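File shown here: input.txt, holding compact mmCIF, C-alpha atoms and all ligand atoms.
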```
# COMPACT_ATOMS: atom_id res chain seq x y z
CA MET A 12 -20.85 -3.15 -9.41
CA LYS A 13 -17.45 -4.40 -8.27
CA ILE A 14 -14.69 -2.24 -9.75
CA GLY A 15 -11.07 -3.35 -9.66
CA ILE A 16 -8.49 -0.76 -8.59
CA THR A 17 -4.76 -1.09 -9.23
CA THR A 18 -3.68 1.08 -6.30
CA SER A 19 -5.15 3.45 -3.69
CA LEU A 20 -7.25 6.17 -5.27
CA PRO A 21 -10.24 8.27 -4.20
CA VAL A 22 -12.49 5.37 -3.16
CA GLU A 23 -14.93 7.89 -1.69
CA ILE A 24 -16.10 8.48 -5.29
CA LEU A 25 -16.68 4.77 -5.95
CA TYR A 26 -18.64 4.26 -2.76
CA ALA A 27 -20.69 7.43 -3.38
CA ALA A 28 -21.70 5.98 -6.75
CA ASP A 29 -22.76 2.74 -5.02
CA HIS A 30 -19.90 0.72 -6.48
CA ILE A 31 -17.62 -1.61 -4.56
CA PRO A 32 -13.88 -1.05 -5.01
CA VAL A 33 -11.78 -4.19 -5.09
CA ASP A 34 -8.07 -3.63 -4.52
CA LEU A 35 -6.66 -6.18 -6.95
CA ASN A 36 -3.33 -6.23 -5.09
CA ASN A 37 -4.96 -7.55 -1.93
CA ILE A 38 -6.91 -10.25 -3.78
CA PHE A 39 -3.69 -11.31 -5.50
CA ILE A 40 -1.46 -11.55 -2.45
CA ASN A 41 -4.08 -13.11 -0.17
CA GLY A 42 -5.22 -15.65 -2.74
CA ASP A 43 -3.65 -18.21 -5.03
CA ALA A 44 -0.90 -15.78 -6.04
CA GLU A 45 1.16 -18.25 -8.08
CA ASN A 46 -1.86 -19.21 -10.13
CA TYR A 47 -2.68 -15.57 -10.89
CA ILE A 48 0.88 -15.07 -12.14
CA ARG A 49 0.63 -18.24 -14.23
CA ILE A 50 -2.54 -16.93 -15.94
CA ALA A 51 -0.64 -13.81 -17.01
CA GLU A 52 2.39 -15.77 -18.18
CA TYR A 53 0.18 -18.11 -20.24
CA ALA A 54 -1.28 -14.96 -21.81
CA GLY A 55 2.25 -13.98 -22.82
CA TYR A 56 3.43 -11.72 -20.00
CA PRO A 57 7.26 -11.93 -19.86
CA ARG A 58 9.11 -13.53 -16.97
CA ASN A 59 11.01 -10.34 -16.23
CA ILE A 60 7.93 -8.20 -15.51
CA CYS A 61 6.99 -7.40 -11.93
CA ALA A 62 4.95 -10.18 -10.29
CA TRP A 63 2.35 -7.71 -8.99
CA ILE A 64 1.43 -6.61 -12.53
CA LYS A 65 1.07 -10.21 -13.63
CA GLY A 66 -0.91 -10.97 -10.50
CA LEU A 67 -3.33 -8.10 -11.15
CA TYR A 68 -3.93 -9.33 -14.67
CA GLY A 69 -4.55 -12.86 -13.39
CA VAL A 70 -7.01 -11.66 -10.71
CA VAL A 71 -9.12 -9.65 -13.19
CA ILE A 72 -9.33 -12.57 -15.61
CA LYS A 73 -9.91 -15.27 -12.99
CA LYS A 74 -12.47 -13.29 -11.00
CA ASN A 75 -14.27 -12.01 -14.10
CA ILE A 76 -13.96 -8.39 -13.02
CA GLU A 77 -15.70 -6.36 -15.69
CA THR A 78 -14.42 -2.86 -14.93
CA VAL A 79 -11.00 -1.70 -13.74
CA ILE A 80 -9.72 1.75 -12.87
CA GLY A 81 -6.11 1.96 -13.95
CA VAL A 82 -3.91 4.60 -12.34
CA THR A 83 -1.92 5.60 -15.40
CA GLU A 84 0.13 8.34 -13.71
CA GLY A 85 1.60 8.20 -10.23
CA ASP A 86 1.71 4.45 -9.79
CA CYS A 87 3.35 2.04 -12.17
CA SER A 88 4.78 2.49 -15.63
CA ASN A 89 3.48 -0.98 -16.54
CA THR A 90 -0.15 -0.03 -15.94
CA HIS A 91 -0.65 1.28 -19.50
CA SER A 92 0.19 -2.10 -20.99
CA LEU A 93 -1.75 -3.93 -18.29
CA MET A 94 -4.82 -1.87 -19.22
CA SER A 95 -4.33 -2.54 -22.94
CA THR A 96 -4.19 -6.31 -22.44
CA LEU A 97 -7.26 -6.16 -20.18
CA MET A 98 -9.21 -4.10 -22.73
CA ASP A 99 -8.29 -6.71 -25.32
CA GLN A 100 -9.98 -9.28 -23.08
CA GLY A 101 -13.18 -7.21 -23.02
CA VAL A 102 -12.60 -5.52 -19.66
CA SER A 103 -13.90 -1.97 -19.42
CA VAL A 104 -11.12 0.40 -18.34
CA ILE A 105 -11.37 3.81 -16.68
CA ASN A 106 -8.17 5.85 -16.44
CA PHE A 107 -7.22 7.95 -13.44
CA ALA A 108 -4.04 9.99 -13.02
CA PHE A 109 -2.29 11.59 -10.06
CA PRO A 110 -0.55 14.54 -11.81
CA HIS A 111 3.18 14.28 -11.29
CA ASN A 112 3.46 18.06 -10.69
CA ARG A 113 1.05 17.66 -7.74
CA ASP A 114 -1.15 20.42 -9.10
CA TYR A 115 -4.39 21.00 -7.17
CA GLN A 116 -6.53 21.97 -10.19
CA GLN A 117 -5.32 19.05 -12.28
CA LEU A 118 -6.04 16.54 -9.55
CA LYS A 119 -9.44 18.14 -8.92
CA SER A 120 -10.28 17.80 -12.59
CA GLU A 121 -9.19 14.09 -12.56
CA MET A 122 -11.47 13.51 -9.58
CA GLN A 123 -14.36 15.31 -11.27
CA ASN A 124 -13.88 13.16 -14.38
CA LEU A 125 -13.99 10.05 -12.21
CA GLU A 126 -17.20 11.30 -10.56
CA ASN A 127 -18.74 11.86 -14.00
CA SER A 128 -17.62 8.47 -15.36
CA LEU A 129 -19.13 6.66 -12.39
CA GLY A 130 -22.18 8.90 -11.98
CA ALA A 131 -21.28 9.96 -8.45
CA ASN A 132 -23.06 12.90 -6.85
CA HIS A 133 -20.48 15.33 -5.46
CA ASP A 134 -22.39 16.04 -2.22
CA LYS A 135 -22.62 12.31 -1.61
CA VAL A 136 -18.86 12.01 -2.20
CA LEU A 137 -18.27 14.60 0.54
CA GLU A 138 -20.64 12.76 2.89
CA VAL A 139 -18.75 9.52 2.30
CA LYS A 140 -15.45 11.34 2.92
CA LYS A 141 -16.77 12.52 6.29
CA SER A 142 -17.75 9.02 7.34
CA PHE A 143 -14.42 7.57 6.15
CA ASP A 144 -12.55 10.17 8.19
CA GLU A 145 -13.94 8.43 11.27
CA ILE A 146 -12.37 5.16 10.13
CA ARG A 147 -9.11 6.93 9.27
CA ARG A 148 -9.09 8.42 12.80
CA LYS A 149 -9.31 4.89 14.24
CA LEU A 150 -6.43 3.79 12.03
CA ILE A 151 -4.33 6.62 13.44
CA GLU A 152 -5.13 5.19 16.90
CA LEU A 153 -4.06 1.76 15.69
CA ASP A 154 -0.81 3.22 14.40
CA LYS A 155 -0.17 4.89 17.77
CA LEU A 156 -0.81 1.59 19.52
CA THR A 157 1.98 0.24 17.30
CA TYR A 158 4.72 2.83 17.70
CA LYS A 159 3.83 4.55 20.99
CA GLU A 160 2.37 1.83 23.17
CA ASN A 161 3.95 -1.22 21.50
CA LYS A 162 0.71 -3.15 21.73
CA VAL A 163 0.18 -3.86 18.04
CA THR A 164 2.69 -5.87 16.01
CA GLY A 165 4.22 -4.63 12.76
CA GLN A 166 2.37 -7.39 10.90
CA GLU A 167 -1.03 -6.42 12.36
CA ASN A 168 -0.32 -2.79 11.56
CA HIS A 169 0.56 -3.78 7.99
CA VAL A 170 -2.63 -5.81 7.47
CA TRP A 171 -5.03 -3.14 8.79
CA LEU A 172 -3.39 -0.29 6.90
CA VAL A 173 -2.92 -2.12 3.61
CA ASN A 174 -6.59 -3.11 3.63
CA SER A 175 -7.68 0.49 4.11
CA SER A 176 -7.15 1.06 0.36
CA ASP A 177 -10.67 -0.29 -0.30
CA PHE A 178 -11.88 -1.06 3.26
CA GLU A 179 -12.19 -4.62 1.99
CA GLY A 180 -15.24 -3.62 -0.06
CA ASP A 181 -17.37 -3.25 3.08
CA PRO A 182 -16.50 -0.21 5.25
CA LEU A 183 -19.13 -1.07 7.87
CA SER A 184 -17.84 -4.55 8.52
CA TYR A 185 -14.22 -3.30 8.37
CA THR A 186 -15.01 -0.68 11.04
CA GLU A 187 -16.77 -3.15 13.32
CA ARG A 188 -13.81 -5.52 13.20
CA LEU A 189 -11.41 -2.60 13.70
CA ASP A 190 -13.35 -1.43 16.78
CA SER A 191 -13.13 -4.90 18.33
CA PHE A 192 -9.46 -5.17 17.48
CA LEU A 193 -8.65 -1.80 19.10
CA ILE A 194 -10.49 -2.77 22.31
CA GLU A 195 -8.59 -6.06 22.46
CA ALA A 196 -5.20 -4.49 21.60
CA GLU A 197 -5.51 -1.76 24.24
CA LYS A 198 -5.74 -4.44 26.95
CA ARG A 199 -2.50 -6.11 25.88
CA ASN A 200 0.81 -5.86 27.68
CA PRO A 201 3.41 -3.92 25.66
CA LEU A 202 5.60 -6.02 23.38
CA GLN A 203 9.23 -6.31 24.40
CA TYR A 204 11.84 -6.04 21.65
CA ARG A 205 15.17 -4.39 21.04
CA PHE A 206 15.11 -2.73 17.60
CA ARG A 207 12.49 -0.41 16.15
CA LEU A 208 12.42 -0.70 12.38
CA ALA A 209 10.82 1.16 9.49
CA PHE A 210 9.59 -0.62 6.38
CA LEU A 211 9.79 1.61 3.29
CA GLY A 212 8.47 0.89 -0.18
CA VAL A 213 5.60 -1.04 -1.70
CA PRO A 214 4.03 -3.69 0.57
CA PRO A 215 6.19 -6.82 0.57
CA ILE A 216 5.43 -9.81 -1.62
CA ILE A 217 7.27 -11.86 1.03
CA THR A 218 4.88 -13.62 3.40
CA ASP A 219 7.01 -14.18 6.53
CA LEU A 220 9.12 -11.02 6.82
CA TYR A 221 7.39 -9.66 9.93
CA ASP A 222 7.57 -13.00 11.76
CA PHE A 223 11.21 -13.40 10.87
CA LEU A 224 12.06 -9.94 12.25
CA THR A 225 10.14 -10.65 15.45
CA GLY A 226 12.37 -13.69 15.92
CA LEU A 227 15.36 -11.34 15.74
CA ASP A 228 14.13 -9.16 18.61
CA SER A 229 12.86 -6.46 16.24
CA GLN A 230 9.51 -4.93 15.29
CA ILE A 231 8.46 -2.79 12.35
CA VAL A 232 6.81 0.26 13.89
CA PHE A 233 6.49 2.25 10.68
CA ASN A 234 4.93 0.77 7.55
CA GLU A 235 5.46 3.70 5.23
CA ILE A 236 3.31 3.08 2.13
CA GLN A 237 0.67 1.06 3.97
CA ARG A 238 0.19 4.08 6.26
CA GLN A 239 -0.14 6.28 3.18
CA PHE A 240 -2.99 4.07 1.96
CA SER A 241 -4.89 5.00 5.14
CA MET A 242 -4.69 8.76 4.29
CA PRO A 243 -3.45 9.66 7.78
CA TYR A 244 -3.45 13.46 7.56
CA LEU A 245 -7.23 13.96 7.89
CA GLU A 246 -7.24 16.82 5.40
CA LYS A 247 -10.61 18.60 5.34
CA ASP A 248 -10.58 18.95 1.58
CA LEU A 249 -10.79 15.73 -0.44
CA VAL A 250 -8.45 16.99 -3.19
CA ASN A 251 -5.86 17.97 -0.57
CA GLN A 252 -6.21 14.54 1.01
CA TYR A 253 -5.02 12.98 -2.24
CA LEU A 254 -2.35 15.64 -2.77
CA ARG A 255 -0.74 14.87 0.58
CA TYR A 256 -0.80 11.14 -0.17
CA THR A 257 2.91 10.76 -0.94
CA TYR A 258 3.03 7.49 -2.89
CA PRO A 259 2.02 8.78 -6.35
CA TYR A 260 4.35 11.76 -6.43
CA SER A 261 8.11 12.26 -6.35
CA ILE A 262 10.45 10.45 -3.99
CA PHE A 263 11.24 13.81 -2.39
CA HIS A 264 7.66 14.05 -1.08
CA ARG A 265 7.98 10.56 0.32
CA LEU A 266 11.29 11.47 1.94
CA GLU A 267 9.78 14.45 3.77
CA ASP A 268 7.20 12.16 5.39
CA ILE A 269 9.72 9.37 6.03
CA LYS A 270 12.12 11.69 7.87
CA VAL A 271 9.41 13.11 10.13
CA GLU A 272 7.99 9.69 10.97
CA CYS A 273 11.37 8.02 11.56
CA LYS A 274 12.23 10.71 14.07
CA LYS A 275 8.85 10.63 15.78
CA ARG A 276 8.92 6.82 16.04
CA LYS A 277 12.56 6.65 17.21
CA ILE A 278 13.52 4.31 14.38
CA ASP A 279 16.81 2.41 14.83
CA ALA A 280 17.08 1.15 11.27
CA VAL A 281 15.26 1.04 7.96
CA ILE A 282 14.38 -1.75 5.57
CA SER A 283 13.93 -0.29 2.11
CA TYR A 284 12.05 -2.83 0.06
CA SER A 285 11.67 -2.99 -3.71
CA GLN A 286 10.06 -5.43 -6.01
CA SER A 287 12.20 -7.07 -8.67
CA PHE A 288 11.90 -5.39 -12.07
CA CYS A 289 10.27 -2.29 -10.49
CA HIS A 290 11.24 1.22 -11.60
CA ARG A 291 10.99 2.28 -7.93
CA GLN A 292 14.29 0.49 -7.26
CA ILE A 293 15.91 3.63 -8.66
CA ASP A 294 14.32 5.70 -5.85
CA ASN A 295 16.42 3.67 -3.44
CA ILE A 296 19.48 5.63 -4.57
CA LEU A 297 17.94 8.79 -3.11
CA ILE A 298 16.51 7.09 -0.03
CA LYS A 299 20.01 5.85 0.83
CA LYS A 300 21.53 9.22 0.07
CA TYR A 301 19.15 11.32 2.17
CA LEU A 302 18.32 9.09 5.13
CA ASP A 303 20.83 9.19 7.92
CA ILE A 304 19.75 5.89 9.49
CA PRO A 305 21.23 2.37 8.99
CA LEU A 306 19.49 0.96 5.94
CA LEU A 307 19.11 -2.48 4.42
CA SER A 308 17.86 -2.77 0.83
CA LEU A 309 15.74 -5.84 0.21
CA GLU A 310 14.40 -7.13 -3.05
CA ALA A 311 11.99 -9.96 -3.79
CA ASP A 312 10.50 -11.39 -6.94
CA SER A 313 7.80 -14.00 -6.35
CA PRO A 314 5.21 -14.41 -3.60
CA GLY A 315 6.37 -16.72 -0.83
CA GLU A 316 8.69 -17.01 2.15
CA LEU A 317 12.10 -15.42 2.57
CA ASP A 318 14.89 -17.27 0.79
CA ALA A 319 18.01 -18.38 2.70
CA ARG A 320 20.21 -15.65 1.26
CA THR A 321 17.81 -12.85 2.24
CA LYS A 322 17.43 -14.32 5.73
CA LEU A 323 21.21 -14.29 6.11
CA ARG A 324 21.39 -10.65 4.96
CA ILE A 325 18.71 -9.62 7.48
CA GLU A 326 20.41 -11.52 10.32
CA SER A 327 23.76 -9.90 9.51
CA PHE A 328 22.12 -6.47 9.44
CA ILE A 329 20.52 -6.96 12.85
CA ASP A 330 23.86 -8.27 14.20
CA MET A 331 25.51 -5.13 12.91
CA LEU A 332 22.96 -3.03 14.83
CA LYS A 333 23.70 -5.01 18.01
CA TYR A 334 27.42 -4.36 17.84
CA SER A 335 27.41 -0.79 16.52
S1 LIG B 401 6.01 -3.06 -7.58
FE1 LIG B 401 6.70 -1.52 -9.06
S2 LIG B 401 6.62 -2.51 -11.06
FE2 LIG B 401 5.39 -3.72 -9.63
S3 LIG B 401 3.29 -2.99 -9.84
FE3 LIG B 401 4.22 -1.86 -8.15
S4 LIG B 401 5.07 0.00 -9.08
FE4 LIG B 401 4.67 -1.47 -10.74
```
Show me this structure written as structure tokens.
Amino acid sequence: MKIGITTSLPVEILYAADHIPVDLNNIFINGDAENYIRIAEYAGYPRNICAWIKGLYGVVIKKNIETVIGVTEGDCSNTHSLMSTLMDQGVSVINFAFPHNRDYQQLKSEMQNLENSLGANHDKVLEVKKSFDEIRRKLIELDKLTYKENKVTGQENHVWLVNSSDFEGDPLSYTERLDSFLIEAEKRNPLQYRFRLAFLGVPPIITDLYDFLTGLDSQIVFNEIQRQFSMPYLEKDLVNQYLRYTYPYSIFHRLEDIKVECKKRKIDAVISYSQSFCHRQIDNILIKKYLDIPLLSLEADSPGELDARTKLRIESFIDMLKYS
């Protein structure tokens, strides 16, 4: 059975129970995004609600997805209402929570409940984890090809990592394509550019950001949250793997990771992205306060290309880096 997921969660459990996870975010942004939003707005979703939430609703309805796992703690405060409106449309909803206090036992119990709900055998879950670690190892290689060898673009890095949330519903095919990509990328000449940037925050709803930055002699060599989706720490224990995953917990956990990675990747400047009407915009206050690197805050509302004003802000920011 295809099961919709609203953000990265322990997909090992879904695969072990012979289900196929479908990351609704990726279907939304890679499909007819405006139409998905329209479906939600026709259903009564307000204009000033984040486009991703409306998009997820639209995808579930349009694609007739019968079951959705909603992450009701550690992701988005709007998920509760999203789940209620989906239940009202006859969708079966399973709740999953990343405990805000990052408590091992609580997370373990959430994962056990998910195993029970889906009928997953725990030994099988651990077997799946082992096989996924091999894919995660390859994604670490891909990341190194981005920030160490400069052979993978920021956009390519973004696409591979963001799709690791569900391995596109087919881990075998994902791995085969990843293997071919790595072989091809290793043969490339290193990219030449002046500024090494970090992209912080939820994946962008903007479609041409990476291309636009390339045109300004810059590359994103650190996609923060996308990298988190790939579970890059290779923890032996599955519960620990999802405890180290920084996205669902406090901004201070994210900051620890961001600081280490910015230093390791010799980041010149940071783009801190937030979605319009998202509670995570408030986290930006602390990101700005605790990161000692030039930072540009970007915000976008609807899916599509950069608007003229945002382009001008990015150009001015890069100019400032040139002359500072
Ligand atoms: S961008 Fe923010 S408001 Fe929108 S779905 Fe994600 S967490 Fe929720």
message: Show me which residues line ligand LIG 401 (chain B), defined as having an atom within 8 Å of a ligand atom where all atoms listed in the file count, and present them as JSON, numbers by chain.
response: {"A": [60, 61, 62, 63, 64, 86, 87, 88, 89, 90, 213, 285, 286, 287, 288, 289, 290, 291]}
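One finds atom CA of A:Tyr68 at 6.9 Å from atom CA of A:Leu93.
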message: What does the structure give for the distance between atom CA of A:Gly315 and atom CA of A:Phe192, in Å to one decimal?
response: 26.8 Å
Counting only C-alpha atoms, select every polymer residue within 8 Å of (5.9, -0.5, 6.6) as defined in the file's coordinates, and provide the selection as a PDB file with C-alpha atoms, in the coordinates of the input.
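Okay, point.pdb is ready:
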```pdb
ATOM      1  CA  GLY A 165       4.220  -4.630  12.760  1.00  0.00           C
ATOM      2  CA  HIS A 169       0.560  -3.780   7.990  1.00  0.00           C
ATOM      3  CA  ALA A 209      10.820   1.160   9.490  1.00  0.00           C
ATOM      4  CA  PHE A 210       9.590  -0.620   6.380  1.00  0.00           C
ATOM      5  CA  LEU A 211       9.790   1.610   3.290  1.00  0.00           C
ATOM      6  CA  GLY A 212       8.470   0.890  -0.180  1.00  0.00           C
ATOM      7  CA  PRO A 214       4.030  -3.690   0.570  1.00  0.00           C
ATOM      8  CA  ILE A 231       8.460  -2.790  12.350  1.00  0.00           C
ATOM      9  CA  VAL A 232       6.810   0.260  13.890  1.00  0.00           C
ATOM     10  CA  PHE A 233       6.490   2.250  10.680  1.00  0.00           C
ATOM     11  CA  ASN A 234       4.930   0.770   7.550  1.00  0.00           C
ATOM     12  CA  GLU A 235       5.460   3.700   5.230  1.00  0.00           C
ATOM     13  CA  ILE A 236       3.310   3.080   2.130  1.00  0.00           C
ATOM     14  CA  GLN A 237       0.670   1.060   3.970  1.00  0.00           C
ATOM     15  CA  ARG A 238       0.190   4.080   6.260  1.00  0.00           C
TER      16      ARG A 238
END
```
- request: Can you work out the spacing between atom CA of A:Leu67 and atom CA of A:Gly42 in Å, to one decimal?
  value: 11.5 Å
Residues within 12 Å of (-1.4, 17.7, -1.8), file coords, all atoms listed in the file, listed as an NGL selection string: :A and (109-119 or 242 or 244-261 or 264-265)
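The protein and nucleic acid residues lying at most 8 Å from A:Leu150 are Trp171, Leu172, Ser241 and Pro243 of chain A, with all atoms listed in the file considered and sequence neighbours fewer than 6 positions away removed.
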Which residues of stretch 31-50 of chain A come within 8 Å of stretch 178-191 of chain A, and what is each one's closest atom pair and distance in Å (one decimal), counting all atoms listed in the file, sorted by chain and residue number, as a Markdown table?
```
| residue | atom | partner | partner_atom | distance |
| --- | --- | --- | --- | --- |
| A:Ile31 | CA | A:Gly180 | CA | 5.5 |
| A:Pro32 | CA | A:Gly180 | CA | 5.7 |
| A:Val33 | CA | A:Gly180 | CA | 6.1 |
| A:Asp34 | CA | A:Glu179 | CA | 7.8 |
```
Go ahead and dump the residues you just picked, C-alpha atoms, as a PDB file, in the frame of the given file.
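So the final result, stored in result_1.pdb, reads:
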```pdb
ATOM      1  CA  ILE A  31     -17.620  -1.610  -4.560  1.00  0.00           C
ATOM      2  CA  PRO A  32     -13.880  -1.050  -5.010  1.00  0.00           C
ATOM      3  CA  VAL A  33     -11.780  -4.190  -5.090  1.00  0.00           C
ATOM      4  CA  ASP A  34      -8.070  -3.630  -4.520  1.00  0.00           C
TER       5      ASP A  34
END
```
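If all atoms listed in the file are the atoms counted, then among A:Lys135, A:Glu45, A:Phe107, A:Leu202 the closest residue to A:Thr157 is A:Leu202.
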message: Can you pull out the residues contacting A:Asp222? Cut-off 12 Å, using all atoms listed in the file, and skip same-chain residues under 5 positions away; I want them as a ChimeraX atom specification.
response: /A:164-167,217,227-231,316-317,322
- request: Tell me which of A:Ser176, A:Thr18, A:Asn132, A:Asn161 sits closest to A:Lys198, counting only C-alpha atoms.
  value: A:Asn161
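Comparing A:Glu84, A:Asp318, A:Asp99, A:Asp268 by their smallest distance to A:Asp219, the closest is A:Asp318 (using all atoms listed in the file).
Using all atoms listed in the file, the protein and nucleic acid residues lying no more than 10 Å from A:Phe328, apart from those fewer than 2 places from it along its own chain, are Ala280, Ile282, Pro305, Leu306, Leu307, Lys322, Leu323, Arg324, Ile325, Glu326, Asp330, Met331, Leu332 and Lys333 of chain A.
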task: Counting all atoms listed in the file, figure out which residue out of A:Asp279, A:Glu145, A:Asp134, A:Asp43 gets nearest to A:Ile329.
output: A:Asp279
- request: Just the residues within 12 Å of A:Val102, please, counting all atoms listed in the file, with nothing from its chain fewer than 4 positions along; format it as a ChimeraX atom specification.
  value: /A:14-15,68,71-72,74-81,93-98
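Compared by their closest atoms to A:Ser175, and using all atoms listed in the file, the residues A:Val104, A:Leu20, A:Val136, A:Ile50 rank with A:Leu20 nearest.
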- prompt: So which residues touch A:Pro201 within 12 Å, counting only C-alpha atoms, skipping near sequence neighbours fewer than 5 positions away, as a VMD selection string?
  reply: chain A and resid 156 to 164 196
